[in-house]
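Everything on this sheet refers to the single structure shown next.
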Amino acid sequence: MRVSFFHSVPARLAGLILLLSGATLLVLTELNRRAVERLLLNQAQVQAAASTMAVVDGLDGVIGSVERLAKFIARDLDGRALSAADIEKTARNVVIDNPNIYGCSLAFEPAALAAGTAHLGLYVHRSATPSRFVTRDLTTPEQAYWSRDDYRAVLDRAQTVWSEPYFDRGGTDRNVVRVSTPVFRTAGDARQPVGVVSAIIDLDWLRRLANVHEFADSSYTIIFSRTGRLIIHPKSTYVIAETIATLADKDNTPELVKIQQAVAAKRQGALRYTETSPARAVYANYRPSKIAGWGVIVGYDESEFLKPQHAFRRITALFLGSLLLLLGGVVIVATQIALRPLGRLAVAADEIGRQNLDCEVPTPRRDDEIGRLSRAFAGMRDALKAQRLERRWAAQSLEHQLRYNQLIIDSIGELVFVLTKALNISRVNPAVLRDTGYTEVDLIKSALGRWVRLAPAAGLATDLLLTALKEGRSLHDLPALLLRKDGTETSALLTLVPLRDNNRVVGGVVTLRLAASSAH
């Protein structure tokens, strides 16, 4: 049978060489690729850490200045006699002089004003109107600032409070955050909070801060409050509406919750995780702010930084593939010329495998390994022919011997039982069937003791046969009784001879010589 090309020795040898050389080149290329990727990713991580620090520093710089300004205004109003015109002027000056502040509100308890004066509060914020500013009265029934939780919380806590991000509906109509600080009055030895100064920051300013420090196309910035409420997010619809916890559930990224917990503990660090929508491997660097306790996350898609490496990898793979194909062609041509005699040997081996030992083995023409193989192959073929002939004669001899043994057993007039080690009948001769009246179906696989037993009058043990068979002893002319099919018993002399296989007892043969007398 002709060997296909892919099963030939040249093809396999070429495949082995290609496999080893290709594996070596691939390992070296892969090690180089990983080293370069590690370098690129390390550079990206350094950029992310620097961007995170810059955002936090910018955030702390602005909100720190706003918080300090609110505290300065609160201290300046401490002990002063206040009027609506005074607080409006103060609020307007705060907004005019500080571009990072979008609005300012001042609200006071009656105790902070002249005797008998009611609540006093107003809110000044930027506007697109010609006057550029809008002043709103906070004492109207729909405002009633003194009943609001945020106002009461500042007075109750008597300290500066940063609000959660919220939409300033009816005011600036923007997403904002508010820092509020109490105004105190000294009454005797006690200081009592009697009002609140609040500065409002537009969140668009924070978005501009985040955009300035983007360092890649896929980089993004997330800023969240102490409770995890989103202040800045690449998807503007998530701001205020989502928290870190809901975002983690929605995107199946529990790592975000770990980041929030770390920021709450005032720890910084980095995490690598996989986002599902869109599917990408993300590296996120996080850091807490010092002023408001907010958290900043700067993340990026790692695949963006690996694009040059992926292009280089494709070029390298193309080059290696071409080189290996060329090397494989050279190996196939060289080995096919050198190993051509092996093809004829393969045909001869196939014929021998199909039991054709008269096939022709090519005559060796050179004294190398292939020549010696051809001579050895011819010797093997001749040895197999001799061995086959010997086995054929041995099989015929054994077949004749078995046939003769069967004829001898069947010709014996005595009753012959072939037994297993447990004294179960495995074969009987025709004399048994003739003298007992049983069939082979009745006797085969049954226990010998059902049909033959030692004569009680002889005083022999009932298990004598089994004991002798286990010990490998022969028993001769023991008196016994044979049970016929008609229920009568006939006296006989029993002889037991063990059957051995390589010195191991595998069964036995029992012969019965019937007595001349009739059954009892």
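Numbering starts fresh at 1 for the residues of each chain in the structure tokens, the chains themselves are lettered A, B, ... in the order given, and ligands are numbered from 1 as they appear.
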
Determine, for each residue of stretch 159-192 of chain A having at least one atom at most 10 Å from an atom of stretch 63-81 of chain A, the closest pair of atoms and their separation in Å to one decimal, counting only C-alpha atoms; order by chain and ascending number, as JSON lines.
```
{"residue": "A:Gln159", "atom": "CA", "partner": "A:Lys71", "partner_atom": "CA", "distance": 9.8}
{"residue": "A:Thr160", "atom": "CA", "partner": "A:Lys71", "partner_atom": "CA", "distance": 8.1}
{"residue": "A:Val161", "atom": "CA", "partner": "A:Glu67", "partner_atom": "CA", "distance": 9.4}
{"residue": "A:Trp162", "atom": "CA", "partner": "A:Glu67", "partner_atom": "CA", "distance": 9.0}
{"residue": "A:Arg178", "atom": "CA", "partner": "A:Glu67", "partner_atom": "CA", "distance": 9.6}
{"residue": "A:Val179", "atom": "CA", "partner": "A:Glu67", "partner_atom": "CA", "distance": 6.5}
{"residue": "A:Ser180", "atom": "CA", "partner": "A:Ala70", "partner_atom": "CA", "distance": 7.2}
{"residue": "A:Thr181", "atom": "CA", "partner": "A:Lys71", "partner_atom": "CA", "distance": 6.2}
{"residue": "A:Pro182", "atom": "CA", "partner": "A:Ala74", "partner_atom": "CA", "distance": 6.6}
{"residue": "A:Val183", "atom": "CA", "partner": "A:Ala74", "partner_atom": "CA", "distance": 4.8}
{"residue": "A:Phe184", "atom": "CA", "partner": "A:Asp78", "partner_atom": "CA", "distance": 5.8}
{"residue": "A:Arg185", "atom": "CA", "partner": "A:Asp78", "partner_atom": "CA", "distance": 6.0}
{"residue": "A:Thr186", "atom": "CA", "partner": "A:Gly79", "partner_atom": "CA", "distance": 7.5}
```

Selected residues written out with N, CA, C and O atoms, as a PDB file, in the first residue's frame:
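Now in out-v4.pdb:
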```pdb
ATOM      1  N   GLN A 159     -20.987  72.041  62.148  1.00  0.00           N
ATOM      2  CA  GLN A 159     -19.719  71.916  61.444  1.00  0.00           C
ATOM      3  C   GLN A 159     -19.977  71.951  59.944  1.00  0.00           C
ATOM      4  O   GLN A 159     -21.125  71.884  59.496  1.00  0.00           O
ATOM      5  N   THR A 160     -18.894  72.079  59.200  1.00  0.00           N
ATOM      6  CA  THR A 160     -19.003  72.151  57.741  1.00  0.00           C
ATOM      7  C   THR A 160     -19.474  70.815  57.192  1.00  0.00           C
ATOM      8  O   THR A 160     -19.002  69.744  57.596  1.00  0.00           O
ATOM      9  N   VAL A 161     -20.406  70.890  56.228  1.00  0.00           N
ATOM     10  CA  VAL A 161     -21.003  69.689  55.642  1.00  0.00           C
ATOM     11  C   VAL A 161     -20.981  69.819  54.121  1.00  0.00           C
ATOM     12  O   VAL A 161     -21.392  70.849  53.573  1.00  0.00           O
ATOM     13  N   TRP A 162     -20.489  68.770  53.457  1.00  0.00           N
ATOM     14  CA  TRP A 162     -20.577  68.676  51.991  1.00  0.00           C
ATOM     15  C   TRP A 162     -21.799  67.842  51.634  1.00  0.00           C
ATOM     16  O   TRP A 162     -21.997  66.756  52.169  1.00  0.00           O
ATOM     17  N   ARG A 178     -22.929  71.168  47.178  1.00  0.00           N
ATOM     18  CA  ARG A 178     -22.994  72.332  48.055  1.00  0.00           C
ATOM     19  C   ARG A 178     -22.142  72.073  49.290  1.00  0.00           C
ATOM     20  O   ARG A 178     -22.194  70.983  49.870  1.00  0.00           O
ATOM     21  N   VAL A 179     -21.354  73.092  49.669  1.00  0.00           N
ATOM     22  CA  VAL A 179     -20.650  73.060  50.935  1.00  0.00           C
ATOM     23  C   VAL A 179     -21.296  74.088  51.841  1.00  0.00           C
ATOM     24  O   VAL A 179     -21.512  75.242  51.440  1.00  0.00           O
ATOM     25  N   SER A 180     -21.649  73.660  53.040  1.00  0.00           N
ATOM     26  CA  SER A 180     -22.357  74.536  53.980  1.00  0.00           C
ATOM     27  C   SER A 180     -21.602  74.572  55.292  1.00  0.00           C
ATOM     28  O   SER A 180     -21.114  73.533  55.773  1.00  0.00           O
ATOM     29  N   THR A 181     -21.515  75.772  55.871  1.00  0.00           N
ATOM     30  CA  THR A 181     -20.824  75.921  57.159  1.00  0.00           C
ATOM     31  C   THR A 181     -21.660  76.812  58.052  1.00  0.00           C
ATOM     32  O   THR A 181     -22.337  77.755  57.575  1.00  0.00           O
ATOM     33  N   PRO A 182     -21.705  76.558  59.333  1.00  0.00           N
ATOM     34  CA  PRO A 182     -22.585  77.332  60.216  1.00  0.00           C
ATOM     35  C   PRO A 182     -21.997  78.702  60.583  1.00  0.00           C
ATOM     36  O   PRO A 182     -20.783  78.907  60.604  1.00  0.00           O
ATOM     37  N   VAL A 183     -22.913  79.647  60.846  1.00  0.00           N
ATOM     38  CA  VAL A 183     -22.558  80.963  61.384  1.00  0.00           C
ATOM     39  C   VAL A 183     -22.930  80.949  62.866  1.00  0.00           C
ATOM     40  O   VAL A 183     -24.027  80.535  63.228  1.00  0.00           O
ATOM     41  N   PHE A 184     -21.977  81.378  63.709  1.00  0.00           N
ATOM     42  CA  PHE A 184     -22.184  81.297  65.159  1.00  0.00           C
ATOM     43  C   PHE A 184     -22.455  82.672  65.758  1.00  0.00           C
ATOM     44  O   PHE A 184     -22.076  83.713  65.205  1.00  0.00           O
ATOM     45  N   ARG A 185     -23.130  82.661  66.901  1.00  0.00           N
ATOM     46  CA  ARG A 185     -23.301  83.837  67.766  1.00  0.00           C
ATOM     47  C   ARG A 185     -22.840  83.437  69.160  1.00  0.00           C
ATOM     48  O   ARG A 185     -23.106  82.331  69.622  1.00  0.00           O
ATOM     49  N   THR A 186     -22.127  84.376  69.816  1.00  0.00           N
ATOM     50  CA  THR A 186     -21.640  84.106  71.171  1.00  0.00           C
ATOM     51  C   THR A 186     -22.628  84.679  72.164  1.00  0.00           C
ATOM     52  O   THR A 186     -22.946  85.878  72.130  1.00  0.00           O
TER      53      THR A 186
END
```

Inset, instruction - Please give the complete set of residues from stretch 97-261 of chain A that DSSP, run on the backbone, assigns to alpha helix (DSSP H), formatted as a ChimeraX atom specification. - result: /A:97,149-157,203-212,244-251,255-261

Residues from the last selection, N, CA, C and O atoms, saved as a tab-separated table (two decimals), in the first residue's frame:
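Saved file part_18.tsv follows:
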```tsv
chain	number	residue	atom	x	y	z
A	97	ASP	N	-16.61	87.23	42.62
A	97	ASP	CA	-15.17	87.14	42.82
A	97	ASP	C	-14.62	85.72	42.66
A	97	ASP	O	-13.39	85.54	42.60
A	149	ASP	N	-34.15	69.63	55.66
A	149	ASP	CA	-33.22	68.75	56.38
A	149	ASP	C	-31.78	69.21	56.23
A	149	ASP	O	-30.99	69.10	57.18
A	150	ASP	N	-31.39	69.67	55.03
A	150	ASP	CA	-29.99	70.04	54.84
A	150	ASP	C	-29.61	71.24	55.70
A	150	ASP	O	-28.51	71.31	56.24
A	151	TYR	N	-30.53	72.19	55.84
A	151	TYR	CA	-30.28	73.35	56.68
A	151	TYR	C	-30.20	72.94	58.15
A	151	TYR	O	-29.28	73.33	58.87
A	152	ARG	N	-31.17	72.14	58.61
A	152	ARG	CA	-31.19	71.72	60.01
A	152	ARG	C	-29.97	70.84	60.34
A	152	ARG	O	-29.45	70.91	61.45
A	153	ALA	N	-29.50	70.03	59.37
A	153	ALA	CA	-28.36	69.14	59.63
A	153	ALA	C	-27.11	69.95	59.94
A	153	ALA	O	-26.31	69.58	60.82
A	154	VAL	N	-26.89	71.09	59.22
A	154	VAL	CA	-25.70	71.90	59.46
A	154	VAL	C	-25.78	72.52	60.85
A	154	VAL	O	-24.79	72.56	61.60
A	155	LEU	N	-26.97	73.02	61.22
A	155	LEU	CA	-27.12	73.63	62.55
A	155	LEU	C	-26.95	72.58	63.66
A	155	LEU	O	-26.32	72.85	64.69
A	156	ASP	N	-27.53	71.39	63.44
A	156	ASP	CA	-27.44	70.35	64.48
A	156	ASP	C	-26.01	69.85	64.66
A	156	ASP	O	-25.57	69.61	65.79
A	157	ARG	N	-25.30	69.70	63.55
A	157	ARG	CA	-23.93	69.18	63.64
A	157	ARG	C	-22.92	70.26	63.97
A	157	ARG	O	-21.81	69.97	64.42
A	203	LEU	N	-21.12	71.02	38.69
A	203	LEU	CA	-20.35	69.81	38.41
A	203	LEU	C	-19.70	69.82	37.03
A	203	LEU	O	-18.78	69.03	36.79
A	204	ASP	N	-20.15	70.70	36.13
A	204	ASP	CA	-19.50	70.78	34.83
A	204	ASP	C	-18.04	71.20	34.98
A	204	ASP	O	-17.20	70.84	34.16
A	205	TRP	N	-17.75	71.98	36.00
A	205	TRP	CA	-16.36	72.36	36.23
A	205	TRP	C	-15.51	71.12	36.53
A	205	TRP	O	-14.39	70.97	36.05
A	206	LEU	N	-16.07	70.19	37.31
A	206	LEU	CA	-15.35	68.97	37.61
A	206	LEU	C	-15.15	68.12	36.36
A	206	LEU	O	-14.12	67.47	36.20
A	207	ARG	N	-16.14	68.15	35.46
A	207	ARG	CA	-15.98	67.40	34.22
A	207	ARG	C	-14.85	67.98	33.39
A	207	ARG	O	-14.08	67.25	32.76
A	208	ARG	N	-14.76	69.31	33.36
A	208	ARG	CA	-13.66	69.93	32.62
A	208	ARG	C	-12.31	69.56	33.25
A	208	ARG	O	-11.33	69.31	32.54
A	209	LEU	N	-12.27	69.50	34.57
A	209	LEU	CA	-11.05	69.10	35.26
A	209	LEU	C	-10.65	67.67	34.87
A	209	LEU	O	-9.48	67.39	34.60
A	210	ALA	N	-11.64	66.78	34.82
A	210	ALA	CA	-11.36	65.39	34.45
A	210	ALA	C	-10.89	65.30	33.00
A	210	ALA	O	-9.96	64.55	32.69
A	211	ASN	N	-11.52	66.06	32.10
A	211	ASN	CA	-11.15	66.00	30.69
A	211	ASN	C	-9.73	66.50	30.45
A	211	ASN	O	-9.02	66.01	29.57
A	212	VAL	N	-9.31	67.50	31.23
A	212	VAL	CA	-7.97	68.06	31.05
A	212	VAL	C	-6.90	67.01	31.31
A	212	VAL	O	-5.85	66.99	30.66
A	244	ILE	N	-21.98	53.98	43.25
A	244	ILE	CA	-20.96	52.97	42.96
A	244	ILE	C	-21.55	51.57	43.10
A	244	ILE	O	-21.28	50.67	42.29
A	245	ALA	N	-22.41	51.37	44.10
A	245	ALA	CA	-22.99	50.04	44.32
A	245	ALA	C	-23.91	49.64	43.17
A	245	ALA	O	-23.85	48.51	42.66
A	246	THR	N	-24.81	50.56	42.75
A	246	THR	CA	-25.72	50.23	41.64
A	246	THR	C	-24.95	50.06	40.34
A	246	THR	O	-25.31	49.23	39.51
A	247	LEU	N	-23.88	50.84	40.17
A	247	LEU	CA	-23.07	50.71	38.96
A	247	LEU	C	-22.35	49.35	38.95
A	247	LEU	O	-22.24	48.71	37.90
A	248	ALA	N	-21.89	48.91	40.12
A	248	ALA	CA	-21.23	47.60	40.20
A	248	ALA	C	-22.20	46.48	39.86
A	248	ALA	O	-21.84	45.51	39.19
A	249	ASP	N	-23.45	46.59	40.34
A	249	ASP	CA	-24.46	45.58	40.01
A	249	ASP	C	-24.82	45.61	38.54
A	249	ASP	O	-24.97	44.56	37.89
A	250	LYS	N	-24.96	46.81	37.98
A	250	LYS	CA	-25.38	46.94	36.59
A	250	LYS	C	-24.32	46.41	35.64
A	250	LYS	O	-24.63	45.73	34.66
A	251	ASP	N	-23.05	46.71	35.91
A	251	ASP	CA	-21.95	46.29	35.01
A	251	ASP	C	-21.27	45.01	35.47
A	251	ASP	O	-20.30	44.58	34.85
A	255	GLU	N	-15.57	44.91	41.79
A	255	GLU	CA	-14.34	45.61	42.17
A	255	GLU	C	-14.61	47.07	42.50
A	255	GLU	O	-13.88	47.68	43.29
A	256	LEU	N	-15.65	47.65	41.91
A	256	LEU	CA	-15.98	49.05	42.20
A	256	LEU	C	-16.36	49.21	43.68
A	256	LEU	O	-16.04	50.24	44.29
A	257	VAL	N	-17.06	48.24	44.23
A	257	VAL	CA	-17.42	48.31	45.66
A	257	VAL	C	-16.16	48.24	46.52
A	257	VAL	O	-16.05	48.94	47.53
A	258	LYS	N	-15.18	47.40	46.11
A	258	LYS	CA	-13.92	47.34	46.85
A	258	LYS	C	-13.21	48.69	46.81
A	258	LYS	O	-12.61	49.12	47.81
A	259	ILE	N	-13.27	49.35	45.66
A	259	ILE	CA	-12.64	50.66	45.55
A	259	ILE	C	-13.32	51.65	46.49
A	259	ILE	O	-12.65	52.43	47.18
A	260	GLN	N	-14.66	51.64	46.53
A	260	GLN	CA	-15.37	52.56	47.42
A	260	GLN	C	-15.00	52.31	48.88
A	260	GLN	O	-14.79	53.25	49.65
A	261	GLN	N	-14.89	51.05	49.26
A	261	GLN	CA	-14.53	50.72	50.65
A	261	GLN	C	-13.11	51.19	50.96
A	261	GLN	O	-12.84	51.69	52.06
```

Legend entry - Distance of atom CA of A:Leu493 from atom CA of A:Gly437, expressed in Å to one decimal place: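 One can read the atom CA of A:Gly437 to atom CA of A:Leu493 distance as 19.1 Å.
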
Inset, instruction - Would you list the contacts of stretch 293-300 of chain A as a PyMOL selection string, taking every protein, DNA or RNA residue within 9 Å and counting only C-alpha atoms, but skipping same-chain residues closer than 5 positions in sequence? - result: chain A and resi 44+48-49+51-53+55-56+210+214+216-228+259-260+263-264+266+281-288

Those same residues - N, CA, C and O atoms - I'd like them written as a tab-separated table (two decimals), in the first residue's frame.
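Result written to selection-v5.tsv:
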```tsv
chain	number	residue	atom	x	y	z
A	44	ALA	N	1.61	52.87	31.23
A	44	ALA	CA	0.21	53.31	31.32
A	44	ALA	C	-0.22	53.44	32.79
A	44	ALA	O	-0.95	54.38	33.15
A	48	ALA	N	-1.66	56.68	34.62
A	48	ALA	CA	-2.93	56.68	35.33
A	48	ALA	C	-2.76	57.20	36.75
A	48	ALA	O	-3.59	57.98	37.25
A	49	ALA	N	-1.69	56.78	37.42
A	49	ALA	CA	-1.45	57.26	38.79
A	49	ALA	C	-1.21	58.77	38.79
A	49	ALA	O	-1.72	59.49	39.67
A	51	SER	N	-2.32	60.92	36.55
A	51	SER	CA	-3.59	61.58	36.23
A	51	SER	C	-4.51	61.60	37.44
A	51	SER	O	-5.16	62.62	37.72
A	52	THR	N	-4.55	60.49	38.18
A	52	THR	CA	-5.39	60.44	39.38
A	52	THR	C	-4.93	61.48	40.40
A	52	THR	O	-5.75	62.20	40.99
A	53	MET	N	-3.63	61.58	40.61
A	53	MET	CA	-3.11	62.55	41.56
A	53	MET	C	-3.41	63.98	41.11
A	53	MET	O	-3.77	64.84	41.92
A	55	VAL	N	-5.94	64.98	39.20
A	55	VAL	CA	-7.37	65.26	39.39
A	55	VAL	C	-7.67	65.52	40.86
A	55	VAL	O	-8.40	66.46	41.21
A	56	VAL	N	-7.09	64.69	41.76
A	56	VAL	CA	-7.34	64.86	43.19
A	56	VAL	C	-6.78	66.21	43.66
A	56	VAL	O	-7.43	66.94	44.42
A	210	ALA	N	-11.64	66.78	34.82
A	210	ALA	CA	-11.36	65.39	34.45
A	210	ALA	C	-10.89	65.30	33.00
A	210	ALA	O	-9.96	64.55	32.69
A	214	GLU	N	-7.13	63.66	30.95
A	214	GLU	CA	-7.21	62.41	30.21
A	214	GLU	C	-5.89	62.19	29.46
A	214	GLU	O	-5.36	63.11	28.86
A	216	ALA	N	-5.39	59.17	27.46
A	216	ALA	CA	-5.57	58.20	26.37
A	216	ALA	C	-7.00	58.29	25.88
A	216	ALA	O	-7.88	58.84	26.56
A	217	ASP	N	-7.23	57.72	24.70
A	217	ASP	CA	-8.59	57.75	24.14
A	217	ASP	C	-9.58	57.00	25.01
A	217	ASP	O	-10.76	57.37	25.09
A	218	SER	N	-9.14	55.90	25.63
A	218	SER	CA	-10.05	55.09	26.43
A	218	SER	C	-10.04	55.45	27.91
A	218	SER	O	-10.76	54.83	28.69
A	219	SER	N	-9.23	56.41	28.32
A	219	SER	CA	-9.18	56.76	29.74
A	219	SER	C	-10.45	57.49	30.15
A	219	SER	O	-11.08	58.19	29.35
A	220	TYR	N	-10.82	57.34	31.39
A	220	TYR	CA	-12.02	57.98	31.91
A	220	TYR	C	-11.81	58.30	33.38
A	220	TYR	O	-10.92	57.76	34.04
A	221	THR	N	-12.65	59.19	33.88
A	221	THR	CA	-12.56	59.60	35.28
A	221	THR	C	-13.92	59.47	35.93
A	221	THR	O	-14.94	59.88	35.35
A	222	ILE	N	-13.94	58.89	37.12
A	222	ILE	CA	-15.15	58.78	37.93
A	222	ILE	C	-14.86	59.44	39.27
A	222	ILE	O	-13.85	59.16	39.90
A	223	ILE	N	-15.74	60.35	39.68
A	223	ILE	CA	-15.66	60.98	40.99
A	223	ILE	C	-16.94	60.66	41.73
A	223	ILE	O	-18.04	60.82	41.16
A	224	PHE	N	-16.83	60.21	42.97
A	224	PHE	CA	-18.02	59.85	43.73
A	224	PHE	C	-17.90	60.42	45.14
A	224	PHE	O	-16.82	60.70	45.66
A	225	SER	N	-19.06	60.59	45.77
A	225	SER	CA	-19.13	61.21	47.10
A	225	SER	C	-18.84	60.18	48.18
A	225	SER	O	-18.54	59.02	47.90
A	226	ARG	N	-18.95	60.64	49.44
A	226	ARG	CA	-18.69	59.74	50.57
A	226	ARG	C	-19.61	58.53	50.55
A	226	ARG	O	-19.22	57.42	50.91
A	227	THR	N	-20.86	58.72	50.15
A	227	THR	CA	-21.84	57.62	50.13
A	227	THR	C	-21.80	56.83	48.83
A	227	THR	O	-22.57	55.89	48.65
A	228	GLY	N	-20.92	57.19	47.90
A	228	GLY	CA	-20.82	56.47	46.64
A	228	GLY	C	-21.64	57.07	45.52
A	228	GLY	O	-21.66	56.52	44.41
A	259	ILE	N	-13.27	49.35	45.66
A	259	ILE	CA	-12.64	50.66	45.55
A	259	ILE	C	-13.32	51.65	46.49
A	259	ILE	O	-12.65	52.43	47.18
A	260	GLN	N	-14.66	51.64	46.53
A	260	GLN	CA	-15.37	52.56	47.42
A	260	GLN	C	-15.00	52.31	48.88
A	260	GLN	O	-14.79	53.25	49.65
A	263	VAL	N	-11.52	53.73	49.51
A	263	VAL	CA	-11.53	55.20	49.60
A	263	VAL	C	-12.12	55.63	50.93
A	263	VAL	O	-11.64	56.60	51.55
A	264	ALA	N	-13.18	54.94	51.38
A	264	ALA	CA	-13.78	55.29	52.66
A	264	ALA	C	-12.78	55.11	53.80
A	264	ALA	O	-12.83	55.84	54.80
A	266	LYS	N	-9.71	55.76	53.41
A	266	LYS	CA	-8.65	56.70	53.06
A	266	LYS	C	-7.40	55.97	52.54
A	266	LYS	O	-6.28	56.33	52.87
A	281	ALA	N	-10.68	44.66	29.31
A	281	ALA	CA	-9.88	44.57	30.53
A	281	ALA	C	-9.52	45.98	30.97
A	281	ALA	O	-8.91	46.74	30.21
A	282	VAL	N	-9.92	46.34	32.17
A	282	VAL	CA	-9.78	47.71	32.66
A	282	VAL	C	-8.78	47.73	33.80
A	282	VAL	O	-8.77	46.84	34.67
A	283	TYR	N	-7.93	48.75	33.79
A	283	TYR	CA	-7.04	49.02	34.92
A	283	TYR	C	-7.50	50.34	35.53
A	283	TYR	O	-7.62	51.35	34.84
A	284	ALA	N	-7.79	50.33	36.83
A	284	ALA	CA	-8.32	51.52	37.50
A	284	ALA	C	-7.41	51.91	38.65
A	284	ALA	O	-7.08	51.09	39.51
A	285	ASN	N	-7.01	53.17	38.68
A	285	ASN	CA	-6.23	53.74	39.78
A	285	ASN	C	-7.18	54.63	40.59
A	285	ASN	O	-7.93	55.43	40.01
A	286	TYR	N	-7.16	54.50	41.90
A	286	TYR	CA	-8.11	55.26	42.73
A	286	TYR	C	-7.36	55.96	43.86
A	286	TYR	O	-6.29	55.53	44.29
A	287	ARG	N	-8.01	57.04	44.33
A	287	ARG	CA	-7.37	57.86	45.38
A	287	ARG	C	-8.45	58.70	46.07
A	287	ARG	O	-9.33	59.25	45.39
A	288	PRO	N	-8.42	58.82	47.39
A	288	PRO	CA	-9.41	59.67	48.07
A	288	PRO	C	-8.96	61.14	48.06
A	288	PRO	O	-7.76	61.44	48.06
```

Legend entry - Contacts of stretch 28-39 of chain A within 12 Å, only C-alpha atoms, excl. fewer than 2 positions in-chain, as a VMD selection string: chain A and resid 21 to 26 41 to 46 302 to 317 319 to 320

Extract, using only C-alpha atoms, all DNA, RNA and protein residues at most 7 Å from A:His119, discarding same-chain residues fewer than 2 positions from it, and format them as a CSV table (one decimal) with N, CA and C atoms, in the first residue's frame.
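Below is the file that was written, selection_4.csv:
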```csv
chain,number,residue,atom,x,y,z
A,108,PHE,N,-30.5,82.5,57.9
A,108,PHE,CA,-30.3,82.8,59.4
A,108,PHE,C,-31.6,82.5,60.2
A,109,GLU,N,-31.3,82.2,61.4
A,109,GLU,CA,-32.4,82.1,62.4
A,109,GLU,C,-32.8,83.5,62.9
A,110,PRO,N,-34.0,83.7,63.4
A,110,PRO,CA,-34.3,85.0,64.0
A,110,PRO,C,-33.4,85.5,65.0
A,117,THR,N,-37.3,90.4,64.3
A,117,THR,CA,-37.2,90.2,62.9
A,117,THR,C,-37.4,88.7,62.6
A,121,GLY,N,-33.2,84.9,54.5
A,121,GLY,CA,-32.4,84.0,53.7
A,121,GLY,C,-32.6,84.3,52.2
A,139,THR,N,-37.3,82.6,52.0
A,139,THR,CA,-38.3,82.6,53.0
A,139,THR,C,-39.7,82.4,52.5
```

Legend entry - Selected residue of minimal separation from A:Leu16 among A:Leu464, A:Val331, A:Ala378, A:Ala386, counting only C-alpha atoms: A:Val331

Inset, instruction - Pull the strand (DSSP E or B) assignments for stretch 51-177 of chain A out of DSSP run on the backbone, and list those residues as a ChimeraX atom specification. - result: /A:103-108,120-126,133-137,161-162,166-167,175-177

Legend entry - Two-atom distance - atom CA of A:Leu496, atom CA of A:Leu469 (Å): 8.1 Å

Legend entry - atom CA of A:Thr253 to atom CA of A:Leu230, straight-line distance in Å: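 Between atom CA of A:Leu230 and atom CA of A:Thr253 the gap is 15.5 Å.
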
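For the choices A:Leu494, A:Leu19, A:Ile200, A:Ala118, the atom-to-atom distance to A:Ser105 is smallest for A:Ile200 when using only C-alpha atoms.
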
Inset, instruction - Name the closest residue to A:Gly58 among the candidates A:Arg169, A:His213, A:Arg92, A:Arg473; distances are taken between atoms, counting only C-alpha atoms. - result: A:His213
